[in-house]
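Note: the block below is coords26.txt and it holds compact mmCIF, C-alpha atoms.
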# COMPACT_ATOMS: atom_id res chain seq x y z
CA MET A 1 14.43 150.00 -19.73
CA LYS A 2 13.30 153.64 -19.82
CA THR A 3 9.58 154.40 -19.75
CA ASP A 4 9.60 155.84 -23.30
CA GLU A 5 11.31 152.72 -24.61
CA ALA A 6 9.03 150.44 -22.61
CA ALA A 7 5.96 152.15 -24.07
CA ALA A 8 6.76 150.56 -27.43
CA ALA A 9 6.59 147.02 -26.04
CA PRO A 10 3.64 144.96 -27.37
CA SER A 11 2.79 143.87 -23.82
CA VAL A 12 2.39 147.52 -22.80
CA THR A 13 -0.05 148.22 -25.62
CA ALA A 14 -1.97 145.05 -24.80
CA ALA A 15 -2.26 146.06 -21.13
CA ALA A 16 -3.35 149.60 -22.01
CA ASN A 17 -5.96 148.22 -24.40
CA ARG A 18 -7.32 145.82 -21.77
CA LEU A 19 -7.75 148.63 -19.26
CA ALA A 20 -9.28 150.90 -21.92
CA ARG A 21 -11.90 148.28 -22.79
CA ALA A 22 -12.81 147.91 -19.12
CA SER A 23 -13.16 151.67 -18.76
CA SER A 24 -15.32 152.09 -21.86
CA SER A 25 -17.51 149.03 -21.30
CA GLY A 26 -17.98 149.38 -17.56
CA VAL A 27 -16.97 145.75 -17.13
CA ALA A 28 -13.87 145.22 -15.00
CA CYS A 29 -11.07 143.11 -16.46
CA ARG A 30 -8.60 140.62 -15.11
CA PRO A 31 -5.24 141.92 -13.82
CA VAL A 32 -2.61 143.04 -16.31
CA ALA A 33 0.30 141.51 -14.41
CA ASP A 34 0.12 138.52 -16.76
CA LEU A 35 1.16 140.91 -19.55
CA ILE A 36 3.73 143.14 -17.82
CA GLY A 37 4.80 141.04 -14.86
CA PRO A 38 4.18 141.51 -11.12
CA SER A 39 7.22 143.68 -10.36
CA ASP A 40 8.36 145.59 -13.48
CA ILE A 41 7.50 149.13 -12.39
CA ALA A 42 8.96 150.68 -15.56
CA LEU A 43 6.58 148.66 -17.74
CA ALA A 44 3.66 149.55 -15.47
CA TYR A 45 4.37 153.28 -15.76
CA ALA A 46 4.77 152.81 -19.52
CA VAL A 47 1.20 151.49 -19.63
CA GLN A 48 0.07 154.52 -17.64
CA GLN A 49 1.95 156.79 -20.05
CA VAL A 50 0.16 155.24 -23.04
CA THR A 51 -3.20 155.87 -21.40
CA THR A 52 -2.21 159.44 -20.51
CA GLU A 53 -1.11 160.20 -24.06
CA ARG A 54 -4.35 158.78 -25.45
CA ARG A 55 -6.41 160.93 -23.08
CA LEU A 56 -4.48 164.06 -23.97
CA ALA A 57 -4.89 163.32 -27.67
CA ALA A 58 -8.64 162.99 -27.10
CA GLY A 59 -8.80 166.49 -25.59
CA ALA A 60 -8.34 165.93 -21.86
CA ARG A 61 -6.18 168.42 -19.96
CA LEU A 62 -3.59 167.38 -17.38
CA ILE A 63 -4.07 169.41 -14.18
CA GLY A 64 -1.84 167.61 -11.70
CA ARG A 65 -0.92 164.31 -10.09
CA LYS A 66 -2.19 161.97 -7.42
CA ILE A 67 -0.07 160.04 -4.98
CA GLY A 68 -1.36 156.62 -4.07
CA LEU A 69 -0.60 154.00 -1.44
CA THR A 70 0.76 156.45 1.14
CA SER A 71 -1.24 155.10 4.07
CA ALA A 72 -0.17 151.90 5.83
CA ALA A 73 -3.85 151.05 6.20
CA VAL A 74 -4.44 151.34 2.45
CA GLN A 75 -1.24 149.46 1.64
CA ALA A 76 -2.52 146.65 3.85
CA GLN A 77 -5.93 146.75 2.15
CA ILE A 78 -4.33 146.44 -1.30
CA GLY A 79 -1.36 144.25 -0.37
CA VAL A 80 1.49 146.50 -1.55
CA ASP A 81 4.40 148.18 0.21
CA ARG A 82 5.29 151.36 -1.71
CA PRO A 83 3.66 154.57 -2.96
CA ASP A 84 2.85 155.27 -6.59
CA PHE A 85 1.51 158.16 -8.65
CA GLY A 86 -0.99 158.85 -11.40
CA ALA A 87 -2.28 161.68 -13.57
CA LEU A 88 -5.17 164.02 -12.75
CA PHE A 89 -7.26 165.25 -15.68
CA ASP A 90 -9.69 168.15 -15.77
CA ASP A 91 -12.77 165.95 -16.15
CA MET A 92 -11.92 164.06 -12.94
CA ARG A 93 -12.50 167.11 -10.73
CA TYR A 94 -15.82 167.87 -9.01
CA ALA A 95 -16.74 170.81 -6.81
CA ASP A 96 -17.62 170.49 -3.14
CA GLY A 97 -21.10 168.94 -2.92
CA GLU A 98 -21.49 168.54 -6.69
CA LEU A 99 -23.30 165.37 -7.75
CA VAL A 100 -20.81 162.73 -8.87
CA PRO A 101 -22.35 160.44 -11.52
CA TYR A 102 -21.93 156.94 -10.14
CA GLN A 103 -22.26 155.42 -13.60
CA ARG A 104 -18.84 156.71 -14.67
CA LEU A 105 -17.20 154.50 -12.04
CA LEU A 106 -16.78 150.74 -11.68
CA GLN A 107 -15.74 149.90 -8.11
CA PRO A 108 -15.33 153.21 -6.28
CA LYS A 109 -13.86 153.71 -2.83
CA ALA A 110 -13.50 157.01 -0.95
CA GLU A 111 -10.42 158.41 0.79
CA GLY A 112 -9.89 161.61 2.78
CA GLU A 113 -6.78 163.53 1.71
CA VAL A 114 -4.94 166.84 1.77
CA ALA A 115 -4.69 168.44 -1.68
CA PHE A 116 -1.91 170.88 -2.51
CA LEU A 117 -2.05 173.64 -5.13
CA LEU A 118 1.45 174.56 -6.27
CA GLY A 119 2.42 178.19 -6.71
CA ARG A 120 5.78 177.56 -8.34
CA ASP A 121 7.64 174.91 -10.34
CA ILE A 122 9.69 172.24 -8.57
CA PRO A 123 12.69 171.63 -10.84
CA ASP A 124 14.83 170.38 -7.92
CA ALA A 125 13.34 168.40 -5.03
CA SER A 126 16.56 167.76 -3.13
CA ASP A 127 15.63 170.32 -0.46
CA PRO A 128 12.30 169.60 1.30
CA THR A 129 12.04 173.23 2.39
CA GLU A 130 11.93 174.25 -1.28
CA VAL A 131 9.17 171.73 -1.91
CA ARG A 132 7.21 173.18 0.98
CA ALA A 133 7.78 176.71 -0.33
CA ALA A 134 6.29 175.67 -3.68
CA VAL A 135 2.89 175.04 -2.08
CA HIS A 136 0.47 177.92 -2.55
CA LEU A 137 -2.57 176.53 -0.71
CA ALA A 138 -3.80 173.29 0.85
CA TYR A 139 -7.38 172.02 0.64
CA PRO A 140 -9.50 169.23 2.13
CA ALA A 141 -10.25 166.64 -0.53
CA VAL A 142 -12.08 163.39 -1.17
CA GLU A 143 -10.40 161.13 -3.67
CA ILE A 144 -12.67 158.50 -5.19
CA VAL A 145 -10.27 155.76 -6.19
CA ASP A 146 -11.44 153.17 -8.69
CA SER A 147 -10.10 150.07 -10.38
CA ARG A 148 -10.67 148.74 -13.85
CA ILE A 149 -9.50 145.36 -12.52
CA GLU A 150 -12.08 142.93 -11.18
CA ASN A 151 -12.68 142.88 -7.43
CA TRP A 152 -9.64 145.10 -6.79
CA ARG A 153 -7.48 142.00 -7.29
CA ILE A 154 -4.36 144.07 -7.88
CA GLY A 155 -0.64 144.05 -7.29
CA ILE A 156 1.71 147.01 -7.60
CA THR A 157 2.09 146.80 -11.39
CA ASP A 158 -1.68 146.51 -11.86
CA THR A 159 -2.45 149.64 -9.89
CA VAL A 160 0.41 151.68 -11.42
CA ALA A 161 -0.67 150.69 -14.93
CA ASP A 162 -4.26 151.64 -14.08
CA ASN A 163 -3.26 155.27 -13.42
CA ALA A 164 -2.71 154.50 -9.74
CA SER A 165 -6.31 153.23 -9.48
CA SER A 166 -7.69 156.70 -10.10
CA GLY A 167 -11.34 157.65 -10.38
CA VAL A 168 -12.47 161.19 -9.61
CA PHE A 169 -11.91 163.69 -6.82
CA VAL A 170 -13.65 166.49 -4.95
CA ILE A 171 -11.80 169.57 -3.65
CA GLY A 172 -13.00 171.94 -0.94
CA ASP A 173 -13.86 175.52 -1.82
CA HIS A 174 -11.32 177.22 0.43
CA GLY A 175 -7.60 176.63 0.83
CA ARG A 176 -5.13 177.63 3.52
CA PRO A 177 -1.43 178.51 3.26
CA LEU A 178 1.11 176.32 5.05
CA ASP A 179 2.13 179.08 7.42
CA GLU A 180 -1.26 178.62 9.13
CA PHE A 181 -0.98 174.89 9.91
CA GLU A 182 1.24 171.80 9.74
CA PRO A 183 0.02 169.07 7.35
CA ALA A 184 1.46 166.33 9.57
CA ARG A 185 -0.86 167.43 12.38
CA VAL A 186 -4.17 167.47 10.53
CA ARG A 187 -6.96 165.20 11.78
CA MET A 188 -9.32 163.49 9.34
CA VAL A 189 -12.75 162.04 10.01
CA MET A 190 -14.81 160.63 7.14
CA ARG A 191 -18.53 159.98 7.45
CA ARG A 192 -20.70 158.02 5.03
CA ASP A 193 -24.34 159.02 5.32
CA GLY A 194 -23.55 160.43 8.77
CA GLU A 195 -21.71 157.39 10.13
CA VAL A 196 -17.98 157.58 10.89
CA VAL A 197 -16.25 155.11 8.55
CA SER A 198 -12.59 156.25 8.48
CA LYS A 199 -10.20 158.24 10.63
CA GLY A 200 -6.59 159.30 10.38
CA THR A 201 -4.01 162.02 10.77
CA GLY A 202 -1.41 163.69 8.60
CA GLN A 203 1.19 161.35 10.07
CA ASP A 204 -0.65 158.43 8.45
CA CYS A 205 0.40 159.75 5.02
CA LEU A 206 4.08 158.73 4.83
CA GLY A 207 4.59 160.50 8.15
CA ASP A 208 3.56 163.87 6.66
CA PRO A 209 1.67 164.79 3.46
CA LEU A 210 4.66 167.01 2.65
CA HIS A 211 6.88 163.91 2.67
CA ALA A 212 4.54 162.43 0.08
CA LEU A 213 4.73 165.61 -1.99
CA THR A 214 8.53 165.55 -1.81
CA TRP A 215 8.57 161.91 -2.93
CA LEU A 216 6.34 162.79 -5.87
CA ALA A 217 8.42 165.82 -6.82
CA ARG A 218 11.60 163.73 -6.90
CA THR A 219 9.93 160.89 -8.79
CA ALA A 220 8.37 163.26 -11.33
CA ILE A 221 11.81 164.73 -12.03
CA GLU A 222 13.22 161.23 -12.52
CA PHE A 223 10.47 160.56 -15.07
CA GLY A 224 11.29 163.79 -16.90
CA SER A 225 8.05 165.58 -16.05
CA PRO A 226 8.61 167.84 -13.01
CA LEU A 227 5.77 169.37 -11.06
CA ARG A 228 4.74 172.83 -12.27
CA SER A 229 3.09 175.93 -10.89
CA GLY A 230 -0.67 175.49 -10.98
CA ASP A 231 -0.54 171.71 -10.53
CA LEU A 232 -2.95 170.10 -8.09
CA VAL A 233 -1.53 167.24 -6.05
CA LEU A 234 -3.62 164.76 -4.09
CA SER A 235 -1.12 163.78 -1.42
CA GLY A 236 -2.59 160.41 -0.41
CA ALA A 237 -5.02 158.80 1.99
CA LEU A 238 -5.06 159.75 5.66
CA GLY A 239 -7.03 156.65 6.64
CA PRO A 240 -8.58 153.46 5.27
CA MET A 241 -10.50 153.68 2.00
CA VAL A 242 -14.22 152.93 2.14
CA THR A 243 -16.47 151.41 -0.51
CA ALA A 244 -18.91 153.85 -2.12
CA GLY A 245 -22.37 152.91 -3.37
CA PRO A 246 -25.04 154.69 -5.43
CA GLY A 247 -26.54 157.59 -3.50
CA ASP A 248 -23.86 157.62 -0.82
CA VAL A 249 -22.81 160.94 0.68
CA PHE A 250 -19.29 161.19 2.08
CA GLU A 251 -18.38 164.10 4.35
CA VAL A 252 -14.69 164.46 5.08
CA SER A 253 -13.56 166.80 7.84
CA ILE A 254 -9.85 167.61 7.88
CA GLU A 255 -9.05 169.93 10.75
CA PRO A 256 -8.04 172.71 10.51
CA LEU A 257 -8.63 172.77 6.74
CA GLY A 258 -12.40 172.30 6.87
CA THR A 259 -14.98 169.96 5.37
CA VAL A 260 -15.65 168.67 1.87
CA THR A 261 -18.56 166.54 0.61
CA ALA A 262 -18.75 163.97 -2.18
CA HIS A 263 -22.34 163.15 -3.18
CA PHE A 264 -22.97 160.21 -5.55
CA SER A 265 -25.94 159.89 -7.87
CA HIS A 266 -28.39 157.05 -7.20
CA ASN A 267 -28.29 155.58 -10.69
CA PRO A 268 -25.52 152.95 -10.98
CA GLY A 269 -25.89 152.96 -14.79
CA PRO A 270 -24.08 150.43 -16.95
CA ALA A 271 -20.85 150.62 -14.93
CA GLY A 272 -20.19 149.28 -11.47
CA ARG A 273 -19.99 145.72 -12.73
CA ALA A 274 -17.04 143.53 -11.81
CA GLY A 275 -17.25 140.77 -14.39
CA LYS A 276 -14.51 139.59 -16.74
CA ASP A 277 -13.91 140.70 -20.27
CA ASP A 278 -12.12 138.87 -23.07
CA GLY A 279 -8.89 140.89 -22.88

What is this file in structure tokens?
Amino acid sequence: MKTDEAAAAPSVTAAANRLARASSSGVACRPVADLIGPSDIALAYAVQQVTTERRLAAGARLIGRKIGLTSAAVQAQIGVDRPDFGALFDDMRYADGELVPYQRLLQPKAEGEVAFLLGRDIPDASDPTEVRAAVHLAYPAVEIVDSRIENWRIGITDTVADNASSGVFVIGDHGRPLDEFEPARVRMVMRRDGEVVSKGTGQDCLGDPLHALTWLARTAIEFGSPLRSGDLVLSGALGPMVTAGPGDVFEVSIEPLGTVTAHFSHNPGPAGRAGKDDG
């Protein structure tokens, strides 16, 4: 079943509605695998497509993609064995050091990643050198992943349906071209309130963040929505994800790209609850 055809399935609408209620209420829901099954990836991406179309209709702007589940450590934490992807919208992006309102999130966790800004379209991803050539600049980034599903009790279809468990992200101020460094050789250290809580290297992201980008470029073409010039791509975690709490400050150093800081507000607000809803 193609994604467009799957999007018309009643189970897809029901799953999208359940996740939407969790997002708007701040109360996490039960998994959606009971609606779309534990292994039907096409249905899961159809749910994600419904959510994306609703967000675009409401005025959000698509600015790129995120790749999830690229780190073996994160795959082990979640209990899955393959990467996935989600959409990045303009209101998900925060500047380096900007206060991130904790109340917009439910169960946030932080990851250190390499972000790529594309300088050209990728209509054909069969040649990895062409994918590399499409990268304009690379930046240090903190992705704040989140789940609308209670206690992160997710399988692969749950996280795909939930926009690859996306939350918000923070991008460093300065990027570097790929002729100045090799993404596979970067070294990441993440500190929470000054304490080292996660470490990793570029090789921990599918062997090379560029491998992750190539996987995404090929997959995006298969889904009929190739990557375009100007897209931002979060290439995936370089180390284990770490739970974030109100007031936490995460500093991610990715050498030689530099350092980026994600600073959460102290007020947890109405979100951050992991109870069940009726959906």

Please build the interface table for range 69-180 of chain A against range 186-194 of chain A with a cut-off of 10 Å, listing for each qualifying residue the nearest atom pair and the distance in Å to one decimal; count only C-alpha atoms, order rows by chain and increasing number, and write it as JSON lines.
{"residue": "A:Ala110", "atom": "CA", "partner": "A:Met190", "partner_atom": "CA", "distance": 9.0}
{"residue": "A:Glu111", "atom": "CA", "partner": "A:Met190", "partner_atom": "CA", "distance": 8.0}
{"residue": "A:Gly112", "atom": "CA", "partner": "A:Met190", "partner_atom": "CA", "distance": 6.6}
{"residue": "A:Glu113", "atom": "CA", "partner": "A:Met188", "partner_atom": "CA", "distance": 8.0}
{"residue": "A:Val114", "atom": "CA", "partner": "A:Val186", "partner_atom": "CA", "distance": 8.8}
{"residue": "A:Pro140", "atom": "CA", "partner": "A:Met188", "partner_atom": "CA", "distance": 9.2}
{"residue": "A:Val142", "atom": "CA", "partner": "A:Met190", "partner_atom": "CA", "distance": 9.2}

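Residues in contact with Pro246 in chain A at up to 12 Å, not including ones fewer than 3 positions away on its chain and judged by only C-alpha atoms, are Leu99, Val100, Pro101, Tyr102, Gln103, Arg104, Leu105, Leu106, Gln107, Pro108, Lys109, Arg192, Asp193, Thr243, Val249, Phe250, Ala262, His263, Phe264, Ser265, His266, Asn267, Pro268, Gly269, Ala271 and Gly272 of chain A.
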
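Residue nearest Asn151 in chain A within the list A:Arg55, A:Arg185, A:His211, A:Arg30: A:Arg30 [criterion: smallest interatomic distance, all atoms listed in the file].
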
>> Give me, as a ChimeraX atom specification, all polymer residues having an atom no more than 8 Å from range 213-224 of chain A, counting all atoms listed in the file and skipping those fewer than 6 positions away in the same chain.
In response: /A:3,67,85,122-126,128,131,233,235

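Of the listed residues (A:Ala164, A:Met92, A:Leu137, A:Val74), A:Val74 comes nearest to Pro240 in chain A; the distances count all atoms listed in the file.
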
> Mind listing as an NGL selection string all residues within 12 Å of (-4.1, 172.1, -10.0), counting only C-alpha atoms?
Replying inline: :A and (61-66 or 87-90 or 92-93 or 115-120 or 135-139 or 169 or 171 or 227-234)

> What is the CA of Gly245 in chain A to CA of Cys29 in chain A distance in Å?
Replying inline: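 We find that CA of Gly245 in chain A and CA of Cys29 in chain A lie 19.9 Å from each other.
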
>> Using only C-alpha atoms, can you tell me which of A:Ser165, A:Thr259, A:Thr13, A:Ser23 comes closest to Ala141 in chain A?
In response: A:Thr259

>> Report, in Å with one decimal, the straight-line distance from CA of Gly79 in chain A to CA of Val50 in chain A.
In response: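 Distance reported for this atom pair: 25.2 Å.
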
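Across the model, the gap from CA of Thr70 in chain A to CA of Gly200 in chain A is 12.1 Å.
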
>> Taking 3 positions as the minimum chain separation for residues in the same chain, which residues sit within 12 Å of Val47 in chain A when counting only C-alpha atoms? Answer as a ChimeraX atom specification.
In response: /A:3-20,32-33,35-36,40-44,50-54,86,157-164
